[in-house]
Each structure stands twice: as C-alpha cells, then as structure tokens.
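Heads up, upload_26.pdb below (PDB, C-alpha atoms):
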ATOM      1  CA  ALA A   1      27.956  54.510   2.765
ATOM      2  CA  SER A   2      28.714  54.136   6.462
ATOM      3  CA  GLN A   3      26.148  51.350   6.739
ATOM      4  CA  GLN A   4      27.783  49.510   3.849
ATOM      5  CA  VAL A   5      31.163  49.750   5.576
ATOM      6  CA  GLU A   6      29.567  48.411   8.785
ATOM      7  CA  GLU A   7      28.146  45.416   6.888
ATOM      8  CA  GLU A   8      31.556  44.597   5.441
ATOM      9  CA  TYR A   9      33.107  45.090   8.863
ATOM     10  CA  CYS A  10      30.694  42.483  10.233
ATOM     11  CA  LEU A  11      31.833  40.089   7.499
ATOM     12  CA  GLY A  12      35.363  40.271   8.890
ATOM     13  CA  ARG A  13      36.759  42.837   6.440
ATOM     14  CA  ARG A  14      38.345  45.000   9.100
ATOM     15  CA  THR A  15      40.816  46.970   6.939
ATOM     16  CA  VAL A  16      40.321  49.385   4.044
ATOM     17  CA  ALA A  17      42.309  47.077   1.763
ATOM     18  CA  ALA A  18      40.010  44.159   2.602
ATOM     19  CA  ARG A  19      36.953  46.262   1.731
ATOM     20  CA  GLN A  20      38.228  47.496  -1.628
ATOM     21  CA  GLY A  21      36.471  46.271  -4.754
ATOM     22  CA  ALA A  22      33.260  44.318  -5.216
ATOM     23  CA  THR A  23      32.341  41.106  -6.997
ATOM     24  CA  ARG A  24      29.711  40.982  -9.729
ATOM     25  CA  GLN A  25      27.361  39.143  -7.363
ATOM     26  CA  GLU A  26      27.799  41.831  -4.685
ATOM     27  CA  LEU A  27      27.009  44.541  -7.224
ATOM     28  CA  LYS A  28      23.991  42.573  -8.442
ATOM     29  CA  ASP A  29      22.717  42.157  -4.874
ATOM     30  CA  SER A  30      23.285  45.843  -4.171
ATOM     31  CA  LYS A  31      21.392  46.844  -7.308
ATOM     32  CA  LEU A  32      18.430  44.660  -6.327
ATOM     33  CA  ASP A  33      18.522  46.121  -2.815
ATOM     34  CA  VAL A  34      18.488  49.707  -4.103
ATOM     35  CA  PHE A  35      15.709  49.162  -6.636
ATOM     36  CA  THR A  36      13.537  47.242  -4.174
ATOM     37  CA  GLY A  37      14.053  49.769  -1.384
ATOM     38  CA  ALA A  38      13.376  52.749  -3.660
ATOM     39  CA  PHE A  39      10.202  51.196  -5.062
ATOM     40  CA  ILE A  40       8.762  50.216  -1.676
ATOM     41  CA  SER A  41       9.624  53.558  -0.038
ATOM     42  CA  LYS A  42       7.996  55.555  -2.849
ATOM     43  CA  LEU A  43       4.941  53.285  -2.790
ATOM     44  CA  ILE A  44       4.579  53.918   0.956
ATOM     45  CA  THR A  45       5.024  57.669   0.415
ATOM     46  CA  TYR A  46       2.280  57.631  -2.227
ATOM     47  CA  PHE A  47      -0.203  55.911   0.083
ATOM     48  CA  ILE A  48       0.691  58.203   2.992
ATOM     49  CA  THR A  49      -0.066  61.210   0.777
ATOM     50  CA  LEU A  50      -3.257  59.612  -0.543
ATOM     51  CA  THR A  51      -4.663  58.637   2.853
ATOM     52  CA  THR A  52      -3.748  61.991   4.411
ATOM     53  CA  ALA A  53      -5.555  63.843   1.616
ATOM     54  CA  ALA A  54      -8.601  61.542   1.818
ATOM     55  CA  THR A  55      -8.952  61.792   5.607
ATOM     56  CA  LEU A  56      -7.376  64.788   7.327
ATOM     57  CA  PHE A  57      -7.302  67.286   4.446
ATOM     58  CA  ALA A  58     -10.774  66.336   3.165
ATOM     59  CA  HIS A  59     -12.240  66.925   6.646
ATOM     60  CA  GLY A  60     -10.532  70.262   7.187
ATOM     61  CA  HIS A  61      -7.746  69.131   9.517
ATOM     62  CA  ARG A  62      -4.923  71.256   8.096
ATOM     63  CA  GLN A  63      -3.150  72.444  11.239
ATOM     64  CA  ILE A  64      -1.505  69.261  12.525
ATOM     65  CA  GLU A  65       1.403  70.107  14.835
ATOM     66  CA  THR A  66       2.228  66.739  16.391
ATOM     67  CA  ALA A  67       1.735  63.038  15.727
ATOM     68  CA  LYS A  68      -0.738  63.066  18.625
ATOM     69  CA  ASP A  69      -2.851  65.653  16.785
ATOM     70  CA  ALA A  70      -2.873  63.498  13.647
ATOM     71  CA  ALA A  71      -3.896  60.381  15.579
ATOM     72  CA  ALA A  72      -6.657  62.267  17.407
ATOM     73  CA  ALA A  73      -7.957  63.715  14.131
ATOM     74  CA  LEU A  74      -8.100  60.253  12.560
ATOM     75  CA  ASN A  75     -10.158  58.758  15.392
ATOM     76  CA  PRO A  76     -13.572  60.318  14.546
ATOM     77  CA  ILE A  77     -12.962  59.973  10.790
ATOM     78  CA  ALA A  78     -11.736  56.393  10.421
ATOM     79  CA  GLY A  79     -12.516  54.926  13.826
ATOM     80  CA  PRO A  80     -10.396  53.770  16.774
ATOM     81  CA  ALA A  81      -8.648  51.092  14.697
ATOM     82  CA  ALA A  82      -7.077  53.809  12.490
ATOM     83  CA  TYR A  83      -6.031  55.703  15.622
ATOM     84  CA  TRP A  84      -4.179  52.711  17.055
ATOM     85  CA  LEU A  85      -2.757  51.692  13.667
ATOM     86  CA  PHE A  86      -1.354  55.193  13.220
ATOM     87  CA  ALA A  87       0.106  55.145  16.731
ATOM     88  CA  LEU A  88       1.797  51.797  16.141
ATOM     89  CA  GLY A  89       3.114  53.040  12.793
ATOM     90  CA  VAL A  90       4.662  56.133  14.398
ATOM     91  CA  ILE A  91       6.285  54.037  17.140
ATOM     92  CA  GLY A  92       7.671  51.555  14.599
ATOM     93  CA  THR A  93       8.944  54.339  12.351
ATOM     94  CA  GLY A  94      10.579  56.031  15.319
ATOM     95  CA  LEU A  95      12.385  52.868  16.351
ATOM     96  CA  LEU A  96      13.719  52.538  12.799
ATOM     97  CA  ALA A  97      14.585  56.218  12.440
ATOM     98  CA  ILE A  98      16.429  56.779  15.724
ATOM     99  CA  PRO A  99      19.519  54.667  14.913
ATOM    100  CA  THR A 100      19.467  55.788  11.264
ATOM    101  CA  LEU A 101      19.109  59.549  11.721
ATOM    102  CA  ALA A 102      21.033  59.873  14.968
ATOM    103  CA  GLY A 103      23.640  57.499  13.572
ATOM    104  CA  SER A 104      24.047  59.535  10.379
ATOM    105  CA  SER A 105      24.819  62.692  12.354
ATOM    106  CA  ALA A 106      27.248  60.792  14.570
ATOM    107  CA  TYR A 107      29.024  59.334  11.538
ATOM    108  CA  ALA A 108      29.169  62.754   9.842
ATOM    109  CA  VAL A 109      30.755  64.452  12.871
ATOM    110  CA  ALA A 110      33.105  61.563  13.646
ATOM    111  CA  GLU A 111      34.324  61.213  10.060
ATOM    112  CA  ALA A 112      34.813  64.979   9.682
ATOM    113  CA  LEU A 113      36.914  65.069  12.858
ATOM    114  CA  ARG A 114      38.609  61.708  12.136
ATOM    115  CA  TRP A 115      37.276  60.024  15.252
ATOM    116  CA  ARG A 116      36.882  56.284  15.571
ATOM    117  CA  ALA A 117      33.303  55.537  14.510
ATOM    118  CA  SER A 118      31.490  52.239  14.355
ATOM    119  CA  LEU A 119      28.326  50.765  15.832
ATOM    120  CA  GLU A 120      30.210  47.481  15.902
ATOM    121  CA  GLU A 121      32.643  48.913  18.444
ATOM    122  CA  LYS A 122      32.001  49.044  22.172
ATOM    123  CA  PRO A 123      31.302  52.557  23.524
ATOM    124  CA  SER A 124      34.592  52.438  25.415
ATOM    125  CA  LEU A 125      36.487  52.122  22.116
ATOM    126  CA  ALA A 126      34.606  54.938  20.331
ATOM    127  CA  PRO A 127      33.429  57.252  23.147
ATOM    128  CA  LYS A 128      33.229  60.457  21.082
ATOM    129  CA  PHE A 129      31.155  58.754  18.381
ATOM    130  CA  TYR A 130      28.687  57.378  20.928
ATOM    131  CA  THR A 131      28.560  60.743  22.709
ATOM    132  CA  VAL A 132      27.401  62.474  19.517
ATOM    133  CA  LEU A 133      24.914  59.637  18.954
ATOM    134  CA  ALA A 134      23.458  60.079  22.443
ATOM    135  CA  ILE A 135      23.329  63.886  22.155
ATOM    136  CA  SER A 136      21.527  63.602  18.802
ATOM    137  CA  MET A 137      18.850  61.348  20.309
ATOM    138  CA  LEU A 138      18.434  63.570  23.376
ATOM    139  CA  LEU A 139      18.103  66.708  21.244
ATOM    140  CA  GLY A 140      15.467  65.042  19.099
ATOM    141  CA  MET A 141      13.492  63.925  22.147
ATOM    142  CA  SER A 142      13.781  67.335  23.812
ATOM    143  CA  LEU A 143      12.069  69.044  20.868
ATOM    144  CA  ILE A 144       8.800  67.405  21.913
ATOM    145  CA  TYR A 145       9.027  68.619  25.509
ATOM    146  CA  LEU A 146      10.089  72.118  24.412
ATOM    147  CA  HIS A 147       6.807  72.320  22.451
ATOM    148  CA  PHE A 148       8.339  72.810  19.030
ATOM    149  CA  ASN A 149       6.012  72.292  16.075
ATOM    150  CA  VAL A 150       7.539  68.978  15.027
ATOM    151  CA  VAL A 151       5.349  68.590  11.926
ATOM    152  CA  GLN A 152       6.442  72.008  10.652
ATOM    153  CA  MET A 153      10.065  71.067  11.291
ATOM    154  CA  LEU A 154       9.600  67.869   9.283
ATOM    155  CA  PHE A 155       7.958  69.890   6.516
ATOM    156  CA  TRP A 156      10.835  72.356   6.247
ATOM    157  CA  ALA A 157      13.402  69.585   6.527
ATOM    158  CA  SER A 158      11.752  67.950   3.514
ATOM    159  CA  ILE A 159      11.848  71.263   1.650
ATOM    160  CA  PHE A 160      15.577  71.680   2.294
ATOM    161  CA  ASN A 161      16.215  68.063   1.303
ATOM    162  CA  GLY A 162      14.399  68.701  -1.961
ATOM    163  CA  ILE A 163      16.476  71.811  -2.662
ATOM    164  CA  LEU A 164      19.689  69.927  -1.870
ATOM    165  CA  ALA A 165      18.699  66.949  -4.032
ATOM    166  CA  PRO A 166      19.902  68.316  -7.442
ATOM    167  CA  PRO A 167      23.519  69.045  -6.410
ATOM    168  CA  SER A 168      23.627  65.798  -4.409
ATOM    169  CA  ILE A 169      22.496  63.736  -7.391
ATOM    170  CA  ALA A 170      24.929  65.622  -9.648
ATOM    171  CA  LEU A 171      27.841  64.744  -7.334
ATOM    172  CA  VAL A 172      26.812  61.081  -7.313
ATOM    173  CA  VAL A 173      26.632  61.004 -11.116
ATOM    174  CA  LEU A 174      30.059  62.657 -11.421
ATOM    175  CA  LEU A 175      31.652  60.293  -8.899
ATOM    176  CA  THR A 176      30.118  57.141 -10.379
ATOM    177  CA  SER A 177      31.223  58.201 -13.858
ATOM    178  CA  ASN A 178      34.843  58.691 -12.804
ATOM    179  CA  PRO A 179      37.041  55.637 -13.626
ATOM    180  CA  HIS A 180      39.596  56.599 -10.963
ATOM    181  CA  VAL A 181      36.953  56.643  -8.211
ATOM    182  CA  MET A 182      35.050  53.593  -9.434
ATOM    183  CA  ALA A 183      38.097  51.458 -10.289
ATOM    184  CA  GLY A 184      36.799  50.913 -13.798
ATOM    185  CA  ARG A 185      33.197  50.079 -12.819
ATOM    186  CA  VAL A 186      31.720  53.325 -14.075
ATOM    187  CA  ASN A 187      28.100  53.981 -14.965
ATOM    188  CA  SER A 188      26.881  53.062 -18.422
ATOM    189  CA  LYS A 189      25.958  55.867 -20.819
ATOM    190  CA  SER A 190      22.255  55.178 -20.260
ATOM    191  CA  LEU A 191      22.632  55.421 -16.474
ATOM    192  CA  GLN A 192      24.606  58.646 -16.807
ATOM    193  CA  ALA A 193      21.865  60.086 -19.018
ATOM    194  CA  LEU A 194      19.201  58.991 -16.527
ATOM    195  CA  GLY A 195      21.199  60.600 -13.725
ATOM    196  CA  TRP A 196      21.441  63.958 -15.498
ATOM    197  CA  ILE A 197      17.738  63.822 -16.355
ATOM    198  CA  SER A 198      17.062  63.319 -12.641
ATOM    199  CA  VAL A 199      19.241  66.342 -11.846
ATOM    200  CA  ALA A 200      17.316  68.468 -14.362
ATOM    201  CA  LEU A 201      13.896  67.339 -13.098
ATOM    202  CA  THR A 202      14.697  67.809  -9.408
ATOM    203  CA  ALA A 203      16.299  71.203 -10.100
ATOM    204  CA  ALA A 204      13.216  72.336 -12.054
ATOM    205  CA  THR A 205      10.958  71.125  -9.234
ATOM    206  CA  ALA A 206      13.033  72.931  -6.611
ATOM    207  CA  MET A 207      12.956  76.149  -8.636
ATOM    208  CA  ALA A 208       9.182  75.861  -9.093
ATOM    209  CA  LEU A 209       8.778  75.390  -5.355
ATOM    210  CA  LEU A 210      10.865  78.476  -4.576
ATOM    211  CA  VAL A 211       8.897  80.520  -7.089
ATOM    212  CA  SER A 212       5.627  79.342  -5.508
ATOM    213  CA  PHE A 213       6.848  80.536  -2.088
ATOM    214  CA  ILE A 214       7.744  83.951  -3.513
ATOM    215  CA  HIS A 215       4.301  84.376  -5.073
TER
END
Let's see the structure in the file written out as structure tokens.
Amino acid sequence: ASQQVEEEYCLGRRTVAARQGATRQELKDSKLDVFTGAFISKLITYFITLTTAATLFAHGHRQIETAKDAAAALNPIAGPAAYWLFALGVIGTGLLAIPTLAGSSAYAVAEALRWRASLEEKPSLAPKFYTVLAISMLLGMSLIYLHFNVVQMLFWASIFNGILAPPSIALVVLLTSNPHVMAGRVNSKSLQALGWISVALTAATAMALLVSFIH
C-alpha cells in the first residue's frame, strides 16, 4: 500500500484528495500486475523447492545454516557454475529485498507514530523515517556477524507468516467487500467466495502444521 502511494506521489498526486479514487484503466493495470506478480513468484518458489529437493536434500545436505553453506554444498553436486549462479542469485535477491523489507518496517513504524515517511523525500525532510530504515538494514546485516542461524530464522519467519495469513486474508476480504471503504468498487460475489475459500484453506494448512509440530 505504501509503494502504491509512492507511485502516485511520483505522478504528482501529492495530496490525499488527489490520490482518491481510481480509473477503470488503473484498476485493470493493477489487476494485471497482481496476477502476473503472483504467478511468477509462485513459479519461482516451485522451482526453488524442486531444485533444493533434487540437489541438497537428495544428497543428504539437510543442515544448511547460511547461504554460504548452500552455495558450498551445491559446488560438488552441480559444478562451479551452479555455485556462482546461486551466489549471484542471492546477491540480486538481497539488493531487491533490502529496500522492500527494511522499507516496510520503516513505513510501519513511521505510520504508527505519524511521522513523515516517503522514499521520495530527502532524508533531511523525513529524518526519523530514514533512521528506522538505516537501523533495520544494520540489524539485518549484524545478524550475519553475530553468527545467528539465518536459514533457521527465515524458516521460522515463513512459519509465522503462514500462521498470520488466514486472518490477514480475512481482513482484506472484509475491507474490499465494504462499500464505504471501497467507494462502491467492492469485490464481486465470486471474488468474495474465492477469498473466503483461501481463508479456509490457509487456516486448515496452518492448523495442520501446528498439529504436526505437536506430534
């Protein structure tokens, strides 16, 4: 949501009133963006899972603690090209993730405390926002040097995200079905039904995961 506001801000819509509402073309473009992004991201996730199972897991490498461990384990299995490809992939992913993840925490803190927050602003105009952004990046980098098991942290972060998914999806469905919030552009009945099916499926999956941990 913050990124969408930033995009409109870049288009010259500097006030809340200027950013209210959306044309049919904007909604159409947004829909295409969401569907394309969701499809590509899930396709990438599938191939990551597939290649990890076919290489590391199949050869008994099940205690990977860092990206360096994963790259080193790939080298004798798939050759030096896979090692360097993995390294480049991690670097590229990191460069994409740093502004996104650190930015999301900075936006969350700034919006909760009603600070001025925008990546389009100079640091001098939004110092508190940029301070949180910098601290978030430094904390993330320090985890490596403090010898935390980063892979385990990513694993548990994914678990918590999965558990939080059902209520998050439910809130989105409720908000997008509310005429007052959506200014009349509410979800269709089919989309509402699909949303509640998603809530049910993710909730069942989360419950099954918790039960598997107990047993």
Distance criterion (all atoms listed in the file): nearest to A:Phe129 out of A:Leu101, A:Ala82, A:Ile169, A:Val109: A:Val109
Output of the PyMOL selection byres ((chain A and resi 140-151) around 8), listed as a list in words: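 After applying the PyMOL selection byres ((chain A and resi 140-151) around 8), what remains is Ile64, Glu65, Thr66, Ala67, Ser136, Met137, Leu138, Leu139, Gln152, Met153, Leu154 and Phe155 of chain A.
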Resolved residues for the PyMOL selection byres ((chain A and resi 128) around 10) as a ChimeraX atom specification: /A:106,109-110,115-117,123-127,129-134
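The coordinates place atom CA of A:Ala204 at 10.0 Å from atom CA of A:Ile163.
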Å distance separating atom CA of A:Gly162 from atom CA of A:Thr202, one decimal place: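 According to the coordinates, atom CA of A:Gly162 and atom CA of A:Thr202 are separated by 7.5 Å.
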Starting from the shown file, work through the PyMOL selection byres ((chain A and resi 206) around 9) and note down what comes out as an mmCIF file with C-alpha atoms, in the frame of the given file.
data_model
loop_
_atom_site.group_PDB
_atom_site.id
_atom_site.type_symbol
_atom_site.label_atom_id
_atom_site.label_comp_id
_atom_site.auth_asym_id
_atom_site.auth_seq_id
_atom_site.Cartn_x
_atom_site.Cartn_y
_atom_site.Cartn_z
ATOM 1 C CA ILE A 159 11.848 71.263 1.650
ATOM 2 C CA GLY A 162 14.399 68.701 -1.961
ATOM 3 C CA ILE A 163 16.476 71.811 -2.662
ATOM 4 C CA LEU A 164 19.689 69.927 -1.870
ATOM 5 C CA ALA A 165 18.699 66.949 -4.032
ATOM 6 C CA PRO A 166 19.902 68.316 -7.442
ATOM 7 C CA LEU A 201 13.896 67.339 -13.098
ATOM 8 C CA THR A 202 14.697 67.809 -9.408
ATOM 9 C CA ALA A 203 16.299 71.203 -10.100
ATOM 10 C CA ALA A 204 13.216 72.336 -12.054
ATOM 11 C CA THR A 205 10.958 71.125 -9.234
ATOM 12 C CA MET A 207 12.956 76.149 -8.636
ATOM 13 C CA ALA A 208 9.182 75.861 -9.093
ATOM 14 C CA LEU A 209 8.778 75.390 -5.355
ATOM 15 C CA LEU A 210 10.865 78.476 -4.576
ATOM 16 C CA VAL A 211 8.897 80.520 -7.089
#
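When all atoms listed in the file are used to compute distances to A:Gln20, the closest of the residues A:Val181, A:Ile197, A:Ile214, A:Val173 turns out to be A:Val181.
Computed from the coordinates, the atom CA of A:Ile91 to atom CA of A:Thr55 distance equals 20.6 Å.
Counting all atoms listed in the file and comparing A:Leu95, A:Lys31, A:Thr176, A:Leu56, the residue that lies closest to A:Ala72 is A:Leu56.
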Residue among A:Glu111, A:His59, A:Ala183, A:Pro167 lying closest to A:Ser2, counting all atoms listed in the file: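 Once distances to A:Ser2 are computed over all atoms listed in the file, the minimum belongs to A:Glu111.
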Pick from A:Ala78, A:Leu119, A:Ile135, A:Ala1 nearest to A:Ala102, counting all atoms listed in the file: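 For A:Ala102, the nearest of the candidates is A:Ile135.
Distances from A:Val186, A:Leu50, A:Ala73, A:Ile40 to A:Phe86 were compared using all atoms listed in the file, and the smallest one belongs to A:Ala73.
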